[in-house]
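This is entry07.pdb (PDB, C-alpha atoms, pLDDT in the B column).
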ATOM      1  CA  MET A   1       2.558  19.225   1.175  1.00 77.00           C
ATOM      2  CA  ASN A   2      -0.745  17.973  -0.181  1.00 87.00           C
ATOM      3  CA  PRO A   3      -0.513  15.803  -3.330  1.00 84.00           C
ATOM      4  CA  ALA A   4      -3.281  17.936  -4.814  1.00 90.00           C
ATOM      5  CA  ASP A   5      -0.663  20.724  -4.958  1.00 90.00           C
ATOM      6  CA  LEU A   6       1.261  18.681  -7.551  1.00 88.00           C
ATOM      7  CA  PHE A   7      -1.677  19.245  -9.914  1.00 88.00           C
ATOM      8  CA  ALA A   8      -2.513  22.852  -8.980  1.00 83.00           C
ATOM      9  CA  HIS A   9      -1.985  24.060 -12.556  1.00 86.00           C
ATOM     10  CA  GLN A  10      -3.794  21.154 -14.232  1.00 86.00           C
ATOM     11  CA  SER A  11      -6.494  22.563 -16.496  1.00 86.00           C
ATOM     12  CA  ASP A  12      -7.824  19.201 -17.749  1.00 91.00           C
ATOM     13  CA  THR A  13      -9.835  18.036 -14.725  1.00 95.00           C
ATOM     14  CA  LEU A  14     -12.795  15.683 -14.271  1.00 97.00           C
ATOM     15  CA  ASN A  15     -15.853  17.130 -12.567  1.00 97.00           C
ATOM     16  CA  LEU A  16     -18.516  15.032 -10.838  1.00 98.00           C
ATOM     17  CA  ALA A  17     -21.894  16.158  -9.510  1.00 98.00           C
ATOM     18  CA  PRO A  18     -23.159  14.818  -6.153  1.00 98.00           C
ATOM     19  CA  GLY A  19     -24.341  11.234  -6.667  1.00 97.00           C
ATOM     20  CA  GLU A  20     -22.254  10.679  -9.806  1.00 98.00           C
ATOM     21  CA  THR A  21     -20.180   7.458  -9.921  1.00 98.00           C
ATOM     22  CA  LEU A  22     -16.447   7.651 -10.759  1.00 98.00           C
ATOM     23  CA  PHE A  23     -16.162   3.861 -11.245  1.00 97.00           C
ATOM     24  CA  ARG A  24     -17.737   0.635 -10.033  1.00 96.00           C
ATOM     25  CA  GLN A  25     -16.278  -2.442  -8.319  1.00 93.00           C
ATOM     26  CA  GLY A  26     -15.424  -4.897 -11.111  1.00 93.00           C
ATOM     27  CA  ASP A  27     -14.819  -2.237 -13.784  1.00 95.00           C
ATOM     28  CA  ALA A  28     -11.565  -2.466 -15.730  1.00 94.00           C
ATOM     29  CA  GLY A  29      -9.178   0.198 -14.428  1.00 91.00           C
ATOM     30  CA  ASP A  30      -6.465   1.984 -16.427  1.00 89.00           C
ATOM     31  CA  ALA A  31      -6.008   5.190 -14.417  1.00 95.00           C
ATOM     32  CA  MET A  32      -5.948   6.655 -10.924  1.00 95.00           C
ATOM     33  CA  PHE A  33      -7.408   9.941  -9.733  1.00 96.00           C
ATOM     34  CA  VAL A  34      -6.280  12.659  -7.352  1.00 95.00           C
ATOM     35  CA  VAL A  35      -9.040  14.588  -5.591  1.00 96.00           C
ATOM     36  CA  LEU A  36      -8.622  18.363  -5.964  1.00 96.00           C
ATOM     37  CA  GLU A  37     -11.994  19.366  -4.484  1.00 96.00           C
ATOM     38  CA  GLY A  38     -15.098  17.734  -3.044  1.00 97.00           C
ATOM     39  CA  THR A  39     -15.808  14.468  -1.265  1.00 98.00           C
ATOM     40  CA  LEU A  40     -16.214  10.956  -2.634  1.00 98.00           C
ATOM     41  CA  GLN A  41     -17.302   7.779  -0.871  1.00 97.00           C
ATOM     42  CA  VAL A  42     -15.301   4.588  -1.492  1.00 93.00           C
ATOM     43  CA  LEU A  43     -17.467   1.478  -1.080  1.00 92.00           C
ATOM     44  CA  VAL A  44     -16.437  -2.172  -0.970  1.00 84.00           C
ATOM     45  CA  GLY A  45     -19.686  -4.038  -1.519  1.00 84.00           C
ATOM     46  CA  ASP A  46     -22.121  -1.724   0.282  1.00 86.00           C
ATOM     47  CA  LYS A  47     -19.646  -0.845   3.056  1.00 85.00           C
ATOM     48  CA  VAL A  48     -18.146   2.679   3.046  1.00 89.00           C
ATOM     49  CA  VAL A  49     -14.420   2.111   3.624  1.00 83.00           C
ATOM     50  CA  GLU A  50     -13.205   5.659   2.977  1.00 87.00           C
ATOM     51  CA  ASN A  51     -14.312   9.245   2.472  1.00 93.00           C
ATOM     52  CA  ALA A  52     -11.937  10.780  -0.056  1.00 94.00           C
ATOM     53  CA  THR A  53     -11.304  14.546   0.064  1.00 96.00           C
ATOM     54  CA  ARG A  54      -8.670  16.984  -1.295  1.00 95.00           C
ATOM     55  CA  GLY A  55      -5.352  15.167  -1.848  1.00 92.00           C
ATOM     56  CA  ALA A  56      -6.796  11.667  -1.659  1.00 92.00           C
ATOM     57  CA  ILE A  57      -5.716   9.280  -4.396  1.00 93.00           C
ATOM     58  CA  ILE A  58      -8.295   6.906  -5.831  1.00 94.00           C
ATOM     59  CA  GLY A  59      -7.940   3.870  -8.080  1.00 92.00           C
ATOM     60  CA  GLU A  60      -4.145   3.600  -7.930  1.00 91.00           C
ATOM     61  CA  MET A  61      -4.414  -0.124  -7.104  1.00 89.00           C
ATOM     62  CA  ALA A  62      -5.279  -0.862 -10.735  1.00 88.00           C
ATOM     63  CA  LEU A  63      -2.064   0.897 -11.842  1.00 90.00           C
ATOM     64  CA  ILE A  64       0.189  -0.805  -9.294  1.00 90.00           C
ATOM     65  CA  ASP A  65      -1.178  -4.302  -9.897  1.00 87.00           C
ATOM     66  CA  PRO A  66      -3.641  -4.459 -12.819  1.00 86.00           C
ATOM     67  CA  ALA A  67      -6.990  -6.011 -11.875  1.00 87.00           C
ATOM     68  CA  PRO A  68     -10.644  -4.952 -11.955  1.00 91.00           C
ATOM     69  CA  ARG A  69     -11.650  -2.095  -9.635  1.00 93.00           C
ATOM     70  CA  ASN A  70     -11.853  -3.239  -6.052  1.00 85.00           C
ATOM     71  CA  ALA A  71     -14.319  -0.610  -4.915  1.00 90.00           C
ATOM     72  CA  THR A  72     -17.097   1.642  -6.137  1.00 96.00           C
ATOM     73  CA  VAL A  73     -16.483   5.389  -5.848  1.00 97.00           C
ATOM     74  CA  VAL A  74     -19.333   7.902  -5.767  1.00 98.00           C
ATOM     75  CA  ALA A  75     -19.201  11.681  -5.355  1.00 98.00           C
ATOM     76  CA  VAL A  76     -21.161  12.760  -2.272  1.00 97.00           C
ATOM     77  CA  ALA A  77     -20.327  16.439  -2.845  1.00 94.00           C
ATOM     78  CA  ALA A  78     -19.433  18.124  -6.158  1.00 97.00           C
ATOM     79  CA  ALA A  79     -15.901  16.885  -6.878  1.00 97.00           C
ATOM     80  CA  ARG A  80     -13.003  17.877  -9.126  1.00 97.00           C
ATOM     81  CA  LEU A  81     -10.316  15.274  -9.889  1.00 97.00           C
ATOM     82  CA  VAL A  82      -7.178  14.827 -11.981  1.00 96.00           C
ATOM     83  CA  LYS A  83      -6.876  11.607 -13.987  1.00 96.00           C
ATOM     84  CA  VAL A  84      -3.379  10.032 -13.931  1.00 95.00           C
ATOM     85  CA  ASP A  85      -2.608   7.237 -16.401  1.00 93.00           C
ATOM     86  CA  GLN A  86      -0.045   4.413 -16.066  1.00 90.00           C
ATOM     87  CA  ARG A  87       2.768   6.297 -17.800  1.00 91.00           C
ATOM     88  CA  ARG A  88       2.312   9.460 -15.717  1.00 92.00           C
ATOM     89  CA  PHE A  89       1.919   7.443 -12.502  1.00 91.00           C
ATOM     90  CA  HIS A  90       5.303   5.736 -12.956  1.00 88.00           C
ATOM     91  CA  PHE A  91       6.884   9.037 -13.949  1.00 89.00           C
ATOM     92  CA  LEU A  92       5.567  10.623 -10.725  1.00 90.00           C
ATOM     93  CA  ILE A  93       6.880   7.733  -8.611  1.00 86.00           C
ATOM     94  CA  GLN A  94      10.322   7.883 -10.200  1.00 85.00           C
ATOM     95  CA  GLN A  95      10.630  11.663 -10.168  1.00 86.00           C
ATOM     96  CA  ASN A  96       8.955  12.405  -6.873  1.00 85.00           C
ATOM     97  CA  PRO A  97       9.754  10.308  -3.760  1.00 80.00           C
ATOM     98  CA  PHE A  98       7.152  12.385  -1.894  1.00 85.00           C
ATOM     99  CA  PHE A  99       4.458  11.082  -4.239  1.00 89.00           C
ATOM    100  CA  ALA A 100       5.679   7.484  -3.868  1.00 89.00           C
ATOM    101  CA  THR A 101       5.658   7.817  -0.064  1.00 88.00           C
ATOM    102  CA  HIS A 102       2.207   9.376  -0.156  1.00 89.00           C
ATOM    103  CA  VAL A 103       0.802   6.515  -2.238  1.00 92.00           C
ATOM    104  CA  MET A 104       2.261   4.082   0.321  1.00 93.00           C
ATOM    105  CA  LYS A 105       0.745   6.039   3.225  1.00 91.00           C
ATOM    106  CA  GLU A 106      -2.698   5.918   1.607  1.00 88.00           C
ATOM    107  CA  LEU A 107      -2.421   2.159   1.074  1.00 91.00           C
ATOM    108  CA  VAL A 108      -1.293   1.644   4.677  1.00 91.00           C
ATOM    109  CA  GLU A 109      -4.157   3.758   6.021  1.00 88.00           C
ATOM    110  CA  ARG A 110      -6.580   1.595   4.034  1.00 84.00           C
ATOM    111  CA  LEU A 111      -5.012  -1.601   5.321  1.00 86.00           C
ATOM    112  CA  ARG A 112      -5.306  -0.327   8.901  1.00 85.00           C
ATOM    113  CA  ALA A 113      -8.951   0.560   8.298  1.00 82.00           C
ATOM    114  CA  MET A 114      -9.628  -2.909   6.849  1.00 80.00           C
ATOM    115  CA  ASN A 115      -7.831  -4.552   9.768  1.00 77.00           C
ATOM    116  CA  LYS A 116     -10.051  -2.615  12.211  1.00 80.00           C
ATOM    117  CA  ILE A 117     -13.195  -3.706  10.360  1.00 78.00           C
ATOM    118  CA  LEU A 118     -11.985  -7.323  10.376  1.00 75.00           C
ATOM    119  CA  ALA A 119     -11.022  -7.166  14.044  1.00 74.00           C
ATOM    120  CA  ALA A 120     -14.366  -5.605  14.980  1.00 79.00           C
ATOM    121  CA  ALA A 121     -16.180  -8.308  13.025  1.00 72.00           C
ATOM    122  CA  ALA A 122     -13.824 -10.995  14.392  1.00 64.00           C
ATOM    123  CA  VAL A 123     -14.120 -12.627  10.957  1.00 50.00           C
TER     124      VAL A 123
ATOM    125  CA  MET B   1      13.882  -9.208 -10.112  1.00 77.00           C
ATOM    126  CA  ASN B   2      13.199 -10.374  -6.566  1.00 87.00           C
ATOM    127  CA  PRO B   3      13.682  -7.735  -3.816  1.00 84.00           C
ATOM    128  CA  ALA B   4      15.682 -10.334  -1.906  1.00 90.00           C
ATOM    129  CA  ASP B   5      18.327  -9.885  -4.616  1.00 90.00           C
ATOM    130  CA  LEU B   6      18.888  -6.312  -3.390  1.00 88.00           C
ATOM    131  CA  PHE B   7      20.257  -7.835  -0.172  1.00 88.00           C
ATOM    132  CA  ALA B   8      22.125 -10.804  -1.643  1.00 83.00           C
ATOM    133  CA  HIS B   9      25.442  -9.633  -0.176  1.00 86.00           C
ATOM    134  CA  GLN B  10      24.050  -8.695   3.237  1.00 86.00           C
ATOM    135  CA  SER B  11      26.024 -10.521   5.906  1.00 86.00           C
ATOM    136  CA  ASP B  12      24.134  -9.160   8.907  1.00 91.00           C
ATOM    137  CA  THR B  13      20.902 -11.208   8.731  1.00 95.00           C
ATOM    138  CA  LEU B  14      18.303 -12.264  11.290  1.00 97.00           C
ATOM    139  CA  ASN B  15      17.669 -15.996  11.612  1.00 97.00           C
ATOM    140  CA  LEU B  16      14.485 -17.488  13.068  1.00 98.00           C
ATOM    141  CA  ALA B  17      13.791 -21.110  13.955  1.00 98.00           C
ATOM    142  CA  PRO B  18      10.389 -22.665  13.149  1.00 98.00           C
ATOM    143  CA  GLY B  19       7.852 -21.353  15.676  1.00 97.00           C
ATOM    144  CA  GLU B  20       9.893 -18.252  16.557  1.00 98.00           C
ATOM    145  CA  THR B  21       8.003 -14.934  16.567  1.00 98.00           C
ATOM    146  CA  LEU B  22       9.403 -11.956  14.602  1.00 98.00           C
ATOM    147  CA  PHE B  23       6.994  -9.462  16.235  1.00 97.00           C
ATOM    148  CA  ARG B  24       3.520  -9.346  17.764  1.00 96.00           C
ATOM    149  CA  GLN B  25       0.443  -7.267  16.927  1.00 93.00           C
ATOM    150  CA  GLY B  26       0.614  -4.185  19.174  1.00 93.00           C
ATOM    151  CA  ASP B  27       4.433  -4.128  19.435  1.00 95.00           C
ATOM    152  CA  ALA B  28       6.170  -0.821  18.660  1.00 94.00           C
ATOM    153  CA  GLY B  29       7.751  -1.067  15.205  1.00 91.00           C
ATOM    154  CA  ASP B  30      10.869   0.754  14.013  1.00 89.00           C
ATOM    155  CA  ALA B  31      12.008  -1.475  11.141  1.00 95.00           C
ATOM    156  CA  MET B  32      10.833  -3.629   8.255  1.00 95.00           C
ATOM    157  CA  PHE B  33      12.179  -7.003   7.156  1.00 96.00           C
ATOM    158  CA  VAL B  34      12.862  -8.623   3.792  1.00 95.00           C
ATOM    159  CA  VAL B  35      12.598 -12.412   3.686  1.00 96.00           C
ATOM    160  CA  LEU B  36      15.705 -14.029   2.148  1.00 96.00           C
ATOM    161  CA  GLU B  37      14.819 -17.654   2.989  1.00 96.00           C
ATOM    162  CA  GLY B  38      12.083 -19.599   4.735  1.00 97.00           C
ATOM    163  CA  THR B  39       8.387 -19.059   5.348  1.00 98.00           C
ATOM    164  CA  LEU B  40       6.606 -16.875   7.879  1.00 98.00           C
ATOM    165  CA  GLN B  41       2.914 -16.625   8.723  1.00 97.00           C
ATOM    166  CA  VAL B  42       1.354 -13.172   9.079  1.00 93.00           C
ATOM    167  CA  LEU B  43      -1.611 -13.216  11.471  1.00 92.00           C
ATOM    168  CA  VAL B  44      -4.170 -10.500  12.156  1.00 84.00           C
ATOM    169  CA  GLY B  45      -5.813 -11.641  15.368  1.00 84.00           C
ATOM    170  CA  ASP B  46      -5.765 -15.417  14.865  1.00 86.00           C
ATOM    171  CA  LYS B  47      -6.441 -15.190  11.121  1.00 85.00           C
ATOM    172  CA  VAL B  48      -3.545 -16.021   8.754  1.00 89.00           C
ATOM    173  CA  VAL B  49      -3.607 -13.221   6.163  1.00 83.00           C
ATOM    174  CA  GLU B  50      -0.334 -14.015   4.390  1.00 87.00           C
ATOM    175  CA  ASN B  51       2.402 -16.601   4.014  1.00 93.00           C
ATOM    176  CA  ALA B  52       5.641 -14.680   3.496  1.00 95.00           C
ATOM    177  CA  THR B  53       8.455 -16.324   1.529  1.00 96.00           C
ATOM    178  CA  ARG B  54      11.638 -15.183  -0.287  1.00 95.00           C
ATOM    179  CA  GLY B  55      11.309 -11.545  -1.364  1.00 92.00           C
ATOM    180  CA  ALA B  56       8.333 -10.747   0.848  1.00 92.00           C
ATOM    181  CA  ILE B  57       8.562  -7.544   2.867  1.00 93.00           C
ATOM    182  CA  ILE B  58       7.247  -7.560   6.400  1.00 94.00           C
ATOM    183  CA  GLY B  59       6.539  -4.735   8.836  1.00 92.00           C
ATOM    184  CA  GLU B  60       6.975  -1.873   6.375  1.00 91.00           C
ATOM    185  CA  MET B  61       3.656  -0.347   7.480  1.00 89.00           C
ATOM    186  CA  ALA B  62       5.315   0.875  10.696  1.00 88.00           C
ATOM    187  CA  LEU B  63       7.941   2.722   8.615  1.00 90.00           C
ATOM    188  CA  ILE B  64       5.478   4.281   6.186  1.00 90.00           C
ATOM    189  CA  ASP B  65       3.046   5.444   8.852  1.00 87.00           C
ATOM    190  CA  PRO B  66       4.346   4.890  12.403  1.00 86.00           C
ATOM    191  CA  ALA B  67       1.937   2.922  14.607  1.00 87.00           C
ATOM    192  CA  PRO B  68       2.053  -0.314  16.609  1.00 91.00           C
ATOM    193  CA  ARG B  69       2.455  -3.557  14.628  1.00 93.00           C
ATOM    194  CA  ASN B  70      -0.758  -4.513  12.901  1.00 85.00           C
ATOM    195  CA  ALA B  71      -0.042  -8.216  12.710  1.00 90.00           C
ATOM    196  CA  THR B  72       1.861 -11.010  14.442  1.00 96.00           C
ATOM    197  CA  VAL B  73       4.555 -12.719  12.353  1.00 97.00           C
ATOM    198  CA  VAL B  74       5.792 -16.224  13.170  1.00 98.00           C
ATOM    199  CA  ALA B  75       8.325 -18.369  11.301  1.00 98.00           C
ATOM    200  CA  VAL B  76       6.732 -21.631  10.158  1.00 97.00           C
ATOM    201  CA  ALA B  77       9.980 -22.802   8.527  1.00 94.00           C
ATOM    202  CA  ALA B  78      13.541 -21.757   9.425  1.00 97.00           C
ATOM    203  CA  ALA B  79      13.803 -18.186   8.072  1.00 97.00           C
ATOM    204  CA  ARG B  80      16.541 -15.697   7.237  1.00 97.00           C
ATOM    205  CA  LEU B  81      15.643 -11.999   7.023  1.00 97.00           C
ATOM    206  CA  VAL B  82      17.280  -8.619   6.505  1.00 96.00           C
ATOM    207  CA  LYS B  83      16.288  -5.808   8.879  1.00 96.00           C
ATOM    208  CA  VAL B  84      15.775  -2.406   7.187  1.00 95.00           C
ATOM    209  CA  ASP B  85      15.458   0.696   9.381  1.00 93.00           C
ATOM    210  CA  GLN B  86      13.665   3.995   8.641  1.00 91.00           C
ATOM    211  CA  ARG B  87      16.728   5.698   7.142  1.00 92.00           C
ATOM    212  CA  ARG B  88      17.599   2.801   4.864  1.00 92.00           C
ATOM    213  CA  PHE B  89      13.963   2.329   3.837  1.00 92.00           C
ATOM    214  CA  HIS B  90      13.654   5.925   2.604  1.00 88.00           C
ATOM    215  CA  PHE B  91      17.035   5.677   0.892  1.00 89.00           C
ATOM    216  CA  LEU B  92      15.845   2.544  -0.954  1.00 90.00           C
ATOM    217  CA  ILE B  93      12.608   4.247  -2.029  1.00 87.00           C
ATOM    218  CA  GLN B  94      14.425   7.320  -3.315  1.00 85.00           C
ATOM    219  CA  GLN B  95      17.234   5.448  -5.049  1.00 86.00           C
ATOM    220  CA  ASN B  96      15.315   2.490  -6.370  1.00 84.00           C
ATOM    221  CA  PRO B  97      11.906   2.977  -8.056  1.00 80.00           C
ATOM    222  CA  PHE B  98      11.708  -0.823  -8.402  1.00 84.00           C
ATOM    223  CA  PHE B  99      11.761  -1.140  -4.608  1.00 89.00           C
ATOM    224  CA  ALA B 100       9.110   1.597  -4.209  1.00 89.00           C
ATOM    225  CA  THR B 101       6.894  -0.124  -6.783  1.00 88.00           C
ATOM    226  CA  HIS B 102       7.411  -3.489  -5.105  1.00 89.00           C
ATOM    227  CA  VAL B 103       6.386  -2.112  -1.685  1.00 92.00           C
ATOM    228  CA  MET B 104       3.231  -0.732  -3.327  1.00 93.00           C
ATOM    229  CA  LYS B 105       2.480  -4.080  -5.002  1.00 91.00           C
ATOM    230  CA  GLU B 106       2.773  -5.889  -1.672  1.00 89.00           C
ATOM    231  CA  LEU B 107       0.414  -3.411   0.000  1.00 91.00           C
ATOM    232  CA  VAL B 108      -2.086  -3.728  -2.850  1.00 91.00           C
ATOM    233  CA  GLU B 109      -1.988  -7.531  -2.701  1.00 88.00           C
ATOM    234  CA  ARG B 110      -2.747  -7.336   1.021  1.00 84.00           C
ATOM    235  CA  LEU B 111      -5.624  -4.933   0.455  1.00 86.00           C
ATOM    236  CA  ARG B 112      -7.074  -7.277  -2.174  1.00 85.00           C
ATOM    237  CA  ALA B 113      -6.744 -10.209   0.226  1.00 82.00           C
ATOM    238  CA  MET B 114      -8.491  -8.216   2.991  1.00 80.00           C
ATOM    239  CA  ASN B 115     -11.239  -7.171   0.580  1.00 77.00           C
ATOM    240  CA  LYS B 116     -11.828 -10.828  -0.324  1.00 80.00           C
ATOM    241  CA  ILE B 117     -12.059 -11.799   3.352  1.00 78.00           C
ATOM    242  CA  LEU B 118     -14.484  -8.923   3.999  1.00 75.00           C
ATOM    243  CA  ALA B 119     -16.566  -9.765   0.936  1.00 74.00           C
ATOM    244  CA  ALA B 120     -16.678 -13.464   1.898  1.00 79.00           C
ATOM    245  CA  ALA B 121     -17.760 -12.529   5.414  1.00 73.00           C
ATOM    246  CA  ALA B 122     -20.151  -9.861   4.079  1.00 64.00           C
ATOM    247  CA  VAL B 123     -19.214  -7.792   7.145  1.00 50.00           C
TER     248      VAL B 123
END

Now, as a test, write the supplied structure out as structure tokens.
Amino acid sequence: MNPADLFAHQSDTLNLAPGETLFRQGDAGDAMFVVLEGTLQVLVGDKVVENATRGAIIGEMALIDPAPRNATVVAVAAARLVKVDQRRFHFLIQQNPFFATHVMKELVERLRAMNKILAAAAV
Amino acid sequence: MNPADLFAHQSDTLNLAPGETLFRQGDAGDAMFVVLEGTLQVLVGDKVVENATRGAIIGEMALIDPAPRNATVVAVAAARLVKVDQRRFHFLIQQNPFFATHVMKELVERLRAMNKILAAAAV
């Protein structure tokens, strides 16, 4: 199952044109986003750490542990996303273990990617 | 609430002496650990990325997304831990939204720490 399927019938979506910015590193964050269509680049500083496509979740860190956005996210291809606020996020986690597990998997994949970058750089 | 409280009545615990290794980067991983007492150092390569104390969860990445251990974990002070296998981990996530949220918080804190290291190194 792709998490985008959870929002298949969502009519209220956010559409970005190529080159449009979803949010910037340092912005205050009060919502996460699920990618329904398109591709977005996730940048930490000027380093691309992820290419987000259908089913990817973006910005959930600010909901799990409130703090300014950790990355800048820019659409590289026309993108359609669903915005999920704090209340809905916790509802999804409590009602849907699949969603909770998926959020964890995404975080782990990011950690592994960061570890590889660190190892390669032998920081 | 501290996640260690979930295991307050656990009799079957794992005890490590100072200097003892819990697992090494590259090891196969089939369980996570919750720290009940003591302090452990989490190392990626030779870089200390975390000091784990009471309530910290260790090694959950291997349960969320099976792959070899990403870090080496060594007790720096006598430590007592609870071992949680795959089955129990998923039971905890499904039965206890607090536990699921806590696992997410830990992962997010690690990502933020990695981002800081990367930013400082301007990799």

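The two atoms in question, CA of Arg87 in chain B and CA of Pro3 in chain B, are spaced 17.6 Å apart.
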
Expected answer as a compact mmCIF listing (two decimals) with C-alpha atoms, in the coordinates of the input: chain B residues within 6 Å of chain A, only C-alpha atoms:
# COMPACT_ATOMS: atom_id res chain seq x y z
CA ILE B 64 5.48 4.28 6.19
CA GLN B 94 14.42 7.32 -3.32
CA PRO B 97 11.91 2.98 -8.06
CA LYS B 105 2.48 -4.08 -5.00
CA LEU B 111 -5.62 -4.93 0.46

- Message: Evaluate the PyMOL selection byres ((chain A and resi 73-86) around 7) against this structure - the residues, as a ChimeraX atom specification, please.
- Response: /A:13-24,30-43,63,71-72,87-90

- Item | Å distance separating CA of Gln10 in chain A from CA of Gly59 in chain A, one decimal place |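 Going from CA of Gln10 in chain A over to CA of Gly59 in chain A covers 18.8 Å.
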
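For the pair CA of Glu50 in chain A and CA of Ile57 in chain B, the interatomic distance is 25.5 Å.
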
If you take every atom of range 101-107 of chain A that the file lists and fit an axis-aligned box around them with 5 Å extra on each side, what centre and edge lengths come out in Å to one decimal, as AutoDock Vina command-line options?
--center_x 1.5 --center_y 5.8 --center_z 0.5 --size_x 18.4 --size_y 17.2 --size_z 15.5

- Task: For the structure shown, which residues end up in the PyMOL selection byres ((chain A and resi 68) around 6)? Put them as a ChimeraX atom specification, please?
- Result: /A:26-29,67,69
